[in-house]
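Below is run_9.cif, holding mmCIF, C-alpha atoms and all ligand atoms.
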```cif
data_run
loop_
_atom_site.label_atom_id
_atom_site.label_comp_id
_atom_site.auth_asym_id
_atom_site.auth_seq_id
_atom_site.Cartn_x
_atom_site.Cartn_y
_atom_site.Cartn_z
CA MET A 10 -77.24 60.45 85.24
CA MET A 11 -73.73 61.44 84.24
CA GLY A 12 -70.81 59.48 85.68
CA LYS A 13 -68.56 61.17 88.21
CA LEU A 14 -64.77 61.43 88.09
CA ASP A 15 -63.24 59.59 91.02
CA GLY A 16 -60.94 62.42 92.03
CA GLY A 17 -57.84 60.93 90.44
CA GLU A 18 -57.46 58.09 92.95
CA GLU A 19 -54.93 55.61 91.50
CA LYS A 20 -55.69 51.90 91.20
CA LEU A 21 -53.00 49.50 92.36
CA PHE A 22 -53.64 46.86 89.69
CA TYR A 23 -55.08 47.00 86.18
CA ALA A 24 -56.36 44.10 84.07
CA PHE A 25 -54.82 45.18 80.78
CA SER A 26 -53.51 43.24 77.81
CA LEU A 27 -51.51 44.99 75.09
CA GLU A 28 -52.35 42.10 72.79
CA ASP A 29 -56.09 42.82 73.18
CA ALA A 30 -55.66 46.57 72.88
CA VAL A 31 -54.34 46.46 69.29
CA PRO A 32 -57.15 45.94 66.73
CA GLN A 33 -56.92 42.75 64.67
CA ASP A 34 -56.97 44.67 61.41
CA HIS A 35 -54.33 47.24 62.40
CA LEU A 36 -51.78 47.79 59.63
CA LEU A 37 -48.89 46.85 61.92
CA ARG A 38 -50.54 43.55 62.83
CA ARG A 39 -50.92 42.73 59.13
CA ILE A 40 -47.32 43.74 58.40
CA ASP A 41 -46.10 41.69 61.36
CA ARG A 42 -47.41 38.51 59.73
CA PHE A 43 -45.01 38.97 56.84
CA LEU A 44 -42.00 40.29 58.69
CA ASP A 45 -39.12 37.84 58.67
CA LEU A 46 -36.28 39.02 60.89
CA SER A 47 -34.36 35.74 60.93
CA GLU A 48 -31.81 37.50 58.69
CA LEU A 49 -30.88 39.62 61.70
CA ARG A 50 -29.31 36.75 63.64
CA PRO A 51 -25.77 37.48 62.40
CA PHE A 52 -26.13 41.04 63.73
CA TYR A 53 -26.36 39.91 67.34
CA SER A 54 -23.04 40.28 69.11
CA SER A 55 -21.41 37.04 70.26
CA ILE A 56 -20.07 38.89 73.31
CA GLY A 57 -23.09 40.26 75.13
CA ARG A 58 -25.86 42.19 73.40
CA PRO A 59 -25.38 45.47 71.54
CA SER A 60 -26.65 48.69 73.13
CA VAL A 61 -29.84 48.51 71.01
CA ASP A 62 -31.37 45.16 70.12
CA PRO A 63 -31.21 44.94 66.27
CA GLU A 64 -34.77 43.63 66.14
CA LEU A 65 -36.09 46.49 68.26
CA MET A 66 -34.23 49.00 66.10
CA VAL A 67 -35.57 47.52 62.86
CA ARG A 68 -39.13 47.37 64.19
CA MET A 69 -38.94 51.01 65.34
CA LEU A 70 -37.53 52.11 61.99
CA LEU A 71 -40.30 50.28 60.15
CA VAL A 72 -42.89 52.10 62.28
CA GLY A 73 -41.19 55.38 61.43
CA TYR A 74 -41.12 54.81 57.66
CA CYS A 75 -44.59 53.29 57.64
CA PHE A 76 -46.24 56.29 59.31
CA GLY A 77 -44.01 59.06 57.96
CA ILE A 78 -42.28 59.74 61.30
CA ARG A 79 -39.01 61.09 59.99
CA SER A 80 -37.30 62.34 63.16
CA GLU A 81 -35.59 59.80 65.44
CA ARG A 82 -36.40 61.87 68.51
CA ARG A 83 -40.11 61.93 67.58
CA LEU A 84 -40.06 58.24 66.70
CA CYS A 85 -38.82 57.37 70.21
CA GLU A 86 -41.56 59.55 71.72
CA GLU A 87 -44.28 58.04 69.54
CA VAL A 88 -43.21 54.46 70.30
CA HIS A 89 -43.25 55.36 74.00
CA LEU A 90 -46.84 56.65 73.80
CA ASN A 91 -48.57 54.53 71.14
CA LEU A 92 -49.85 51.10 72.20
CA ALA A 93 -49.83 49.63 68.67
CA TYR A 94 -46.26 50.79 68.12
CA ARG A 95 -45.24 49.22 71.46
CA TRP A 96 -46.95 45.96 70.50
CA PHE A 97 -45.18 45.89 67.12
CA CYS A 98 -41.80 46.64 68.73
CA ARG A 99 -42.35 43.83 71.29
CA LEU A 100 -42.15 46.33 74.13
CA GLY A 101 -44.30 45.80 77.22
CA LEU A 102 -46.02 48.70 78.94
CA GLU A 103 -43.17 49.05 81.38
CA ASP A 104 -40.30 48.50 78.94
CA ARG A 105 -38.09 51.47 78.23
CA VAL A 106 -37.82 52.86 74.72
CA PRO A 107 -34.17 53.51 73.77
CA ASP A 108 -32.99 57.06 73.99
CA HIS A 109 -32.90 58.71 70.56
CA SER A 110 -29.14 59.34 70.77
CA THR A 111 -28.33 55.63 71.45
CA PHE A 112 -30.73 54.68 68.71
CA SER A 113 -29.07 57.07 66.29
CA LYS A 114 -25.56 55.80 67.10
CA ALA A 115 -26.56 52.17 66.55
CA ARG A 116 -28.25 53.02 63.27
CA HIS A 117 -25.19 54.76 61.86
CA GLY A 118 -22.67 52.38 63.34
CA ARG A 119 -22.13 48.68 62.88
CA PHE A 120 -25.62 47.91 61.59
CA ARG A 121 -24.92 50.07 58.55
CA GLU A 122 -21.47 48.57 58.04
CA ALA A 123 -22.88 45.06 58.21
CA GLY A 124 -25.52 45.76 55.55
CA LEU A 125 -28.48 45.17 57.87
CA PHE A 126 -30.84 47.35 55.83
CA ARG A 127 -30.14 45.56 52.56
CA SER A 128 -30.67 42.22 54.31
CA LEU A 129 -34.01 43.48 55.59
CA PHE A 130 -35.08 44.73 52.15
CA GLU A 131 -34.06 41.47 50.47
CA ALA A 132 -36.03 39.50 53.05
CA THR A 133 -39.18 41.38 51.96
CA VAL A 134 -38.48 40.54 48.30
CA ARG A 135 -38.03 36.86 49.16
CA ARG A 136 -41.32 36.91 51.05
CA CYS A 137 -43.09 38.48 48.04
CA MET A 138 -41.55 35.79 45.82
CA ALA A 139 -42.69 33.04 48.18
CA ASP A 140 -46.24 34.47 48.10
CA GLY A 141 -46.30 34.46 44.29
CA LEU A 142 -46.26 38.25 43.88
CA VAL A 143 -43.16 38.30 41.69
CA GLY A 144 -43.57 37.07 38.11
CA GLY A 145 -39.97 37.76 37.01
CA GLU A 146 -41.15 38.31 33.42
CA GLY A 147 -41.25 42.10 33.15
CA PHE A 148 -39.37 44.74 35.16
CA ALA A 149 -39.81 48.51 35.00
CA THR A 150 -37.07 50.90 36.03
CA ASP A 151 -37.04 54.61 36.82
CA ALA A 152 -35.54 57.19 39.18
CA SER A 153 -37.13 59.84 41.38
CA LEU A 154 -35.48 62.85 42.97
CA ILE A 155 -35.59 63.31 46.73
CA HIS A 156 -34.43 66.52 48.40
CA ALA A 157 -31.11 66.08 50.19
CA ASP A 158 -30.72 67.30 53.76
CA ALA A 159 -28.53 70.14 52.53
CA SER A 160 -29.19 73.87 52.54
CA LYS A 161 -28.11 76.05 49.65
CA ASN A 162 -26.82 78.53 52.24
CA ARG A 163 -24.07 76.06 53.18
CA SER A 164 -22.61 75.55 49.72
CA ALA A 165 -19.87 76.72 47.36
CA TRP A 166 -20.03 77.64 43.68
CA LYS A 167 -17.71 76.10 41.11
CA GLY A 168 -14.28 77.68 41.33
CA GLU A 169 -14.58 78.68 45.00
CA ALA A 170 -11.81 77.22 47.15
CA VAL A 171 -13.10 74.90 49.89
CA ASP A 172 -10.98 73.74 52.80
CA TRP A 173 -12.39 70.28 53.40
CA GLU A 174 -10.06 69.78 56.38
CA ASP A 175 -11.81 72.59 58.25
CA PRO A 176 -13.31 70.99 61.39
CA GLN A 177 -16.42 73.15 60.83
CA ILE A 178 -17.31 71.18 57.69
CA ALA A 179 -15.42 67.88 58.12
CA SER A 180 -18.16 65.29 58.73
CA ARG A 181 -18.96 61.70 57.72
CA PRO A 182 -20.61 62.68 54.40
CA VAL A 183 -17.62 64.91 53.60
CA VAL A 184 -15.20 62.04 54.34
CA GLU A 185 -17.28 59.73 52.11
CA TYR A 186 -17.21 62.32 49.33
CA LEU A 187 -13.44 62.80 49.56
CA ASP A 188 -12.83 59.06 49.67
CA ALA A 189 -14.70 58.75 46.40
CA LEU A 190 -12.32 61.15 44.71
CA ASP A 191 -8.71 60.34 43.89
CA ASP A 192 -7.32 63.41 45.60
CA GLY A 193 -9.55 65.61 47.73
CA PRO A 194 -10.27 68.65 45.51
CA LYS A 195 -9.28 72.06 46.75
CA VAL A 196 -11.55 73.63 44.14
CA THR A 197 -15.07 72.33 43.60
CA GLU A 198 -15.72 70.62 40.25
CA LYS A 199 -19.53 70.72 40.26
CA LYS A 200 -21.56 73.83 39.45
CA ARG A 201 -22.49 74.08 43.13
CA VAL A 202 -21.42 71.79 45.95
CA SER A 203 -22.99 71.41 49.38
CA LEU A 204 -20.66 71.70 52.35
CA THR A 205 -22.84 69.37 54.44
CA ASP A 206 -23.59 66.66 51.83
CA PRO A 207 -21.08 67.24 49.02
CA ALA A 208 -22.07 64.14 47.02
CA ALA A 209 -25.66 65.43 46.60
CA GLN A 210 -26.43 66.91 43.19
CA TRP A 211 -27.43 70.54 42.60
CA THR A 212 -30.39 70.21 40.24
CA CYS A 213 -33.58 71.83 38.98
CA ALA A 214 -34.66 68.71 37.07
CA HIS A 215 -38.27 68.95 38.31
CA GLY A 216 -38.66 72.41 36.86
CA GLY A 217 -38.89 74.16 40.26
CA PRO A 218 -36.17 76.10 42.07
CA ALA A 219 -32.75 74.38 42.04
CA HIS A 220 -31.92 72.33 45.13
CA PHE A 221 -29.58 69.58 46.32
CA ALA A 222 -31.00 66.11 45.68
CA TRP A 223 -30.38 62.38 45.53
CA ALA A 224 -32.04 59.95 43.13
CA THR A 225 -33.77 56.81 44.33
CA ASN A 226 -33.71 54.17 41.58
CA TYR A 227 -36.33 51.41 41.59
CA LEU A 228 -36.53 48.12 39.74
CA VAL A 229 -40.16 46.98 39.95
CA ASP A 230 -41.66 43.65 38.95
CA VAL A 231 -44.80 44.64 37.06
CA GLN A 232 -46.95 41.64 38.03
CA ALA A 233 -47.86 43.08 41.46
CA SER A 234 -45.63 46.20 41.59
CA VAL A 235 -43.15 44.63 43.99
CA ILE A 236 -39.86 46.55 44.30
CA VAL A 237 -37.17 43.95 43.59
CA ASP A 238 -34.21 46.32 43.94
CA VAL A 239 -33.43 49.87 44.97
CA GLU A 240 -30.28 51.98 44.78
CA ALA A 241 -29.27 55.53 45.64
CA SER A 242 -27.38 57.49 42.99
CA PRO A 243 -26.45 61.09 42.24
CA ALA A 244 -29.36 62.87 40.54
CA VAL A 245 -27.85 62.83 37.04
CA ARG A 246 -29.00 60.68 34.13
CA PRO A 247 -25.78 58.66 33.49
CA ALA A 248 -25.60 57.70 37.18
CA GLU A 249 -29.27 56.66 37.15
CA VAL A 250 -28.79 54.49 34.04
CA ALA A 251 -25.70 52.87 35.58
CA ALA A 252 -27.70 52.18 38.76
CA SER A 253 -30.39 50.41 36.70
CA ARG A 254 -27.79 48.14 35.13
CA ARG A 255 -26.38 47.26 38.55
CA MET A 256 -29.88 46.53 39.86
CA VAL A 257 -30.66 44.15 36.97
CA ASP A 258 -27.35 42.32 37.57
CA ARG A 259 -27.85 42.18 41.34
CA THR A 260 -31.42 40.90 41.08
CA GLU A 261 -30.22 38.07 38.87
CA GLU A 262 -27.39 37.27 41.25
CA ARG A 263 -29.38 37.51 44.51
CA PHE A 264 -32.75 36.06 43.47
CA GLY A 265 -32.09 34.32 40.15
CA LEU A 266 -34.58 36.70 38.48
CA LYS A 267 -33.89 37.86 34.93
CA PRO A 268 -36.69 39.67 33.09
CA LYS A 269 -37.76 38.89 29.54
CA ARG A 270 -38.57 42.58 29.02
CA LEU A 271 -37.29 45.76 30.70
CA MET A 272 -39.41 48.90 30.60
CA GLY A 273 -38.15 52.45 30.98
CA ASP A 274 -38.56 55.97 29.70
CA LYS A 275 -36.28 57.60 27.15
CA ALA A 276 -33.58 58.17 29.77
CA TYR A 277 -32.83 54.46 29.32
CA GLY A 278 -33.06 54.60 25.52
CA SER A 279 -29.46 55.46 24.69
CA ALA A 280 -27.84 53.21 22.08
CA GLU A 281 -25.28 51.99 24.62
CA MET A 282 -27.89 50.99 27.22
CA LEU A 283 -30.00 49.28 24.56
CA SER A 284 -26.99 47.37 23.31
CA TRP A 285 -26.27 46.18 26.86
CA MET A 286 -29.86 44.93 27.21
CA VAL A 287 -30.03 43.20 23.84
CA LYS A 288 -26.51 41.84 23.34
CA GLU A 289 -25.18 41.27 26.85
CA LYS A 290 -28.32 40.41 28.81
CA GLY A 291 -30.69 39.08 26.14
CA ILE A 292 -33.51 41.30 27.47
CA GLU A 293 -36.18 42.86 25.23
CA PRO A 294 -35.81 46.66 25.50
CA HIS A 295 -39.36 48.02 25.94
CA VAL A 296 -38.09 51.58 26.34
CA ALA A 297 -38.70 54.87 24.60
CA LEU A 298 -35.94 55.90 22.18
CA PHE A 299 -33.93 59.07 22.43
CA ALA A 300 -35.03 61.29 19.52
CA GLN A 301 -32.06 61.47 17.16
CA PRO A 302 -31.22 64.90 15.78
CA ASP A 303 -32.67 65.20 12.29
CA ARG A 304 -32.11 68.06 9.90
CA LYS A 305 -35.47 67.48 8.21
CA LYS A 306 -37.39 70.71 7.70
CA ALA A 307 -40.98 70.91 6.45
CA ASP A 308 -40.05 70.04 2.87
CA GLY A 309 -36.50 68.72 3.45
CA VAL A 310 -34.93 65.26 3.15
CA GLY A 311 -34.66 63.70 6.62
CA ARG A 312 -32.97 60.66 8.11
CA GLY A 313 -36.15 58.62 7.74
CA ASP A 314 -35.91 59.00 3.95
CA PHE A 315 -32.72 56.90 3.88
CA THR A 316 -32.83 53.10 4.09
CA TYR A 317 -30.08 51.03 5.67
CA ASP A 318 -28.91 47.72 4.22
CA PRO A 319 -27.06 45.72 6.91
CA GLU A 320 -25.58 43.26 4.42
CA GLU A 321 -23.99 45.96 2.33
CA ASP A 322 -23.42 48.24 5.37
CA ALA A 323 -24.65 51.24 3.37
CA TYR A 324 -27.57 53.69 3.24
CA THR A 325 -29.60 54.35 0.08
CA CYS A 326 -30.80 57.94 -0.36
CA PRO A 327 -34.13 59.05 -1.95
CA ALA A 328 -32.28 59.55 -5.24
CA GLY A 329 -31.14 55.92 -5.18
CA LYS A 330 -27.45 56.69 -4.44
CA LYS A 331 -25.33 54.88 -1.86
CA LEU A 332 -23.89 56.43 1.29
CA LYS A 333 -20.94 54.36 2.55
CA ARG A 334 -18.33 54.46 5.29
CA PHE A 335 -15.55 53.43 2.94
CA ARG A 336 -15.23 53.36 -0.83
CA ARG A 337 -11.98 51.40 -0.87
CA GLU A 338 -11.52 48.00 0.73
CA ALA A 339 -7.97 48.79 1.88
CA ARG A 340 -9.21 51.72 3.99
CA ALA A 341 -11.97 49.59 5.48
CA LYS A 342 -9.41 47.01 6.59
CA LYS A 343 -7.20 49.62 8.27
CA ALA A 344 -10.08 51.41 10.03
CA LYS A 345 -10.16 51.49 13.84
CA PRO A 346 -13.36 51.61 15.94
CA PRO A 347 -14.56 55.24 16.23
CA PRO A 348 -13.68 56.77 19.64
CA ASP A 349 -17.15 58.36 19.91
CA GLN A 350 -18.84 55.05 18.94
CA VAL A 351 -20.47 56.64 15.88
CA TYR A 352 -19.93 55.51 12.27
CA ARG A 353 -20.29 58.11 9.52
CA TYR A 354 -21.68 57.35 6.06
CA TYR A 355 -20.95 59.67 3.12
CA ALA A 356 -22.57 60.15 -0.31
CA LEU A 357 -20.31 60.85 -3.28
CA LYS A 358 -19.82 64.54 -3.99
CA ALA A 359 -20.36 63.90 -7.69
CA ASP A 360 -23.75 62.26 -6.97
CA CYS A 361 -24.92 65.15 -4.78
CA ASP A 362 -23.66 67.85 -7.19
CA ALA A 363 -25.77 66.35 -9.96
CA CYS A 364 -28.83 65.68 -7.77
CA PRO A 365 -32.00 67.82 -8.08
CA LEU A 366 -32.77 67.10 -4.37
CA LYS A 367 -29.55 68.72 -3.13
CA PRO A 368 -31.19 72.06 -2.11
CA LYS A 369 -33.52 70.09 0.20
CA CYS A 370 -30.98 67.47 1.29
CA CYS A 371 -27.62 69.16 1.98
CA PRO A 372 -27.80 72.75 0.67
CA ASN A 373 -24.71 74.04 2.52
CA LEU A 374 -22.52 70.94 2.35
CA PRO A 375 -20.58 69.34 -0.50
CA MET A 376 -22.27 65.97 0.11
CA ARG A 377 -24.74 64.36 2.54
CA LYS A 378 -23.35 62.66 5.65
CA LEU A 379 -25.28 60.34 8.02
CA PRO A 380 -24.06 59.34 11.51
CA ARG A 381 -24.94 55.86 12.86
CA SER A 382 -24.19 54.60 16.37
CA ILE A 383 -22.24 51.35 16.52
CA HIS A 384 -25.18 50.14 18.66
CA GLU A 385 -27.83 51.17 16.10
CA ASP A 386 -28.93 47.55 15.63
CA ALA A 387 -30.18 47.62 19.23
CA ARG A 388 -32.21 50.74 18.40
CA ASP A 389 -33.62 48.88 15.38
CA LYS A 390 -34.75 46.16 17.78
CA VAL A 391 -36.75 48.78 19.73
CA ARG A 392 -38.28 50.16 16.51
CA GLU A 393 -39.35 46.62 15.67
CA LEU A 394 -40.87 46.14 19.16
CA GLN A 395 -42.67 49.48 18.97
CA ARG A 396 -44.93 48.06 16.28
CA THR A 397 -46.11 45.19 18.54
CA GLU A 398 -49.02 44.95 20.97
CA ALA A 399 -46.65 43.78 23.72
CA TYR A 400 -44.90 47.18 23.57
CA GLU A 401 -48.22 48.96 24.16
CA VAL A 402 -48.86 46.75 27.19
CA SER A 403 -45.37 47.59 28.44
CA GLN A 404 -46.07 51.32 28.16
CA ARG A 405 -49.01 50.84 30.55
CA ASP A 406 -47.01 48.53 32.85
CA ARG A 407 -44.22 51.11 33.04
CA LYS A 408 -46.55 53.42 34.99
CA LYS A 409 -46.30 51.00 37.93
CA VAL A 410 -42.84 52.23 38.84
CA GLU A 411 -44.10 55.83 38.73
CA MET A 412 -46.96 54.81 41.02
CA ALA A 413 -44.44 53.35 43.46
CA PHE A 414 -42.73 56.76 43.62
CA ALA A 415 -46.07 58.52 44.06
CA HIS A 416 -46.88 56.14 46.94
CA LEU A 417 -43.49 56.86 48.49
CA GLU A 418 -44.16 60.59 48.44
CA GLN A 419 -47.89 60.73 49.20
CA ASN A 420 -48.47 57.80 51.56
CA LEU A 421 -45.11 57.55 53.30
CA GLY A 422 -44.43 61.31 53.25
CA PHE A 423 -40.92 60.69 51.94
CA ARG A 424 -39.96 63.97 50.28
CA ARG A 425 -36.72 64.85 52.00
CA LEU A 426 -33.82 62.78 53.32
CA ARG A 427 -32.90 62.87 56.99
CA LEU A 428 -29.49 61.27 56.53
CA ARG A 429 -26.58 62.56 54.47
CA GLY A 430 -24.00 61.08 52.14
CA PRO A 431 -24.34 58.11 49.77
CA THR A 432 -24.66 55.58 52.60
CA GLY A 433 -27.26 57.69 54.40
CA ALA A 434 -29.34 57.99 51.22
CA GLN A 435 -28.93 54.26 50.52
CA ASP A 436 -30.09 53.29 54.04
CA GLU A 437 -33.16 55.48 53.80
CA PHE A 438 -34.16 54.26 50.34
CA LEU A 439 -33.73 50.61 51.34
CA LEU A 440 -35.93 51.04 54.41
CA ALA A 441 -38.62 52.94 52.51
CA ALA A 442 -38.70 50.28 49.76
CA ALA A 443 -38.85 47.49 52.39
CA VAL A 444 -41.88 49.21 53.96
CA GLN A 445 -43.56 49.57 50.57
CA ASN A 446 -43.15 45.83 49.93
CA LEU A 447 -44.45 44.97 53.40
CA ARG A 448 -47.50 47.21 52.93
CA LYS A 449 -48.15 45.49 49.61
CA LEU A 450 -48.13 42.10 51.38
CA ALA A 451 -50.25 43.45 54.22
CA CYS A 452 -52.90 44.86 51.87
CA ARG A 453 -53.63 41.37 50.62
CA VAL A 454 -54.79 40.32 54.09
CA ALA A 455 -58.47 41.07 54.67
S1 LIG A 501 -28.27 65.22 -2.39
FE1 LIG A 501 -26.98 63.41 -2.40
S2 LIG A 501 -27.64 62.26 -0.67
FE2 LIG A 501 -29.18 63.80 -1.01
S3 LIG A 501 -30.71 62.77 -2.25
FE3 LIG A 501 -29.30 63.73 -3.66
S4 LIG A 501 -27.73 62.25 -4.11
FE4 LIG A 501 -28.84 61.52 -2.39
#
```
Mind converting the file's structure to structure tokens?
Ligand code: SF4
Amino acid sequence: MMGKLDGGEEKLFYAFSLEDAVPQDHLLRRIDRFLDLSELRPFYSSIGRPSVDPELMVRMLLVGYCFGIRSERRLCEEVHLNLAYRWFCRLGLEDRVPDHSTFSKARHGRFREAGLFRSLFEATVRRCMADGLVGGEGFATDASLIHADASKNRSAWKGEAVDWEDPQIASRPVVEYLDALDDGPKVTEKKRVSLTDPAAQWTCAHGGPAHFAWATNYLVDVQASVIVDVEASPAVRPAEVAASRRMVDRTEERFGLKPKRLMGDKAYGSAEMLSWMVKEKGIEPHVALFAQPDRKKADGVGRGDFTYDPEEDAYTCPAGKKLKRFRREARAKKAKPPPDQVYRYYALKADCDACPLKPKCCPNLPMRKLPRSIHEDARDKVRELQRTEAYEVSQRDRKKVEMAFAHLEQNLGFRRLRLRGPTGAQDEFLLAAAVQNLRKLACRVA
């Protein structure tokens, strides 16, 4: 016989335990085992408690990033209704969830200024190190674009005058943008600038329609794909490369980790970046090289046909003639470093005029000229590494950083920022990376 509803009569007492209600293998339970919030102690006010307990705020944010709940209003509602979320946030059944506006104020206020989110992220890295997940031998670096919270309808094209003092557009991200410039520009310098998040980059780098975006830069230890550092940067290649250098330096300073090899795609293969890795840091550059422009046609004489002799500092061409920077010692002594960091080697006009290869080598020039970066020796180091088995292994290991970005997008649903400005992007990327590390730790628990 079917049971009968009791007409909605309310019981006075219930025997209910939140602890028992949350399954033992729930993801939040497994994450909780690895969560170390002792770093939050300095964030407690010495005079009374802040409006939102830092630990409660961090736990709620972790729930949000872990389950792709991007809106603060929705996060507060979900924590109110979901028993597992309440358990993880240390809220009893009768405890009040903070109002989303208070929560928002605390998040953007002193917690941000005090670097709470970086402390939280670094605590996850330390935990991964303590559990033996970080080898420290090989790091992979890359950047991924994330849509900024900026509409193209609220933007100005290059050359359009923008009154940044206008109260309609003056906001925290605008103030951050102006502070980063020497004098607030009256005319926009970028191709297109957002009026809501002016530091975001207008880009179509992914091949789709152009949009405003930020880049999240990861430095990943390839042993277990742990993210050892993360940084927000404008979505342009030089800024991404600079962010990678800062991450390598910071990881060494904060955790004493310095990789033997650094993996990256050709964005990190500029001569200058390679020189920094090899000469300054003593790191093996397992990166793809930028293809150098080469005039070689199907039957022409290309750069690869010339051999460089470092002792003589000269190239030898296929006809056996020398290409040199200087022919006279006096000029060599007076020479200053080239402003564009490129040396130029010239053949003798007399040699080229008499050469049968001239129509294939330099048909429209009086003599052949070869440029060489002052950091070319670092490129040579990569060419040497490219012939080794270790380089092939690195090419496979490099995919781990791309997988971390795929996980960020597919599993955490992180495709668009909620916060604006460089600090907003940085906060969001730190929290997302912290969650990825915690999930990695949690997945190891059966
Ligand atoms: S044209 Fe000049 S540089 Fe080219 S192969 Fe002949 S001698 Fe050498």
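For the pair CA of Ala24 (chain A) and CA of Cys85 (chain A), the separation is 26.0 Å.
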* To do: Please identify the residues whose atoms come within 10 Å of ligand LIG 501 (chain A), using all atoms listed in the file, and report them as a ChimeraX atom specification.
  => /A:309-311,314-315,324-332,355-372,374-379
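Atom to atom, CA of Glu174 (chain A) and CA of Gly430 (chain A) stand 17.0 Å apart.
Between CA of Arg407 (chain A) and CA of Thr225 (chain A) lies a distance of 16.4 Å.
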* Residues at most 8 Å from Gln350 (chain A), counting all atoms listed in the file, excluding those fewer than 2 positions away in the same chain, as a ChimeraX atom specification? -> /A:346-348,352,382-383
* To do: Within 12 Å of (-35.8, 66.3, 63.7) (coordinates as in the file), grab all the protein and nucleic acid residues, counting all atoms listed in the file, and write them out as a PyMOL selection string.
  => chain A and resi 78-86+109-110+113+158+425-428
Using all atoms listed in the file, find each residue in region 215-286 of chain A having at least one atom no more than 10 Å away from region 399-403 of chain A; report its shortest atom-to-atom pair and that distance in Å (one decimal), rows by chain then rising number, as a tab-separated table.
```
residue	atom	partner	partner_atom	distance
A:Val231	CA	A:Ser403	CA	9.1
A:Arg270	CA	A:Ser403	CA	8.5
A:Leu271	CA	A:Ser403	CA	8.6
A:Met272	CA	A:Ser403	CA	6.5
A:Gly273	CA	A:Ser403	CA	9.1
```
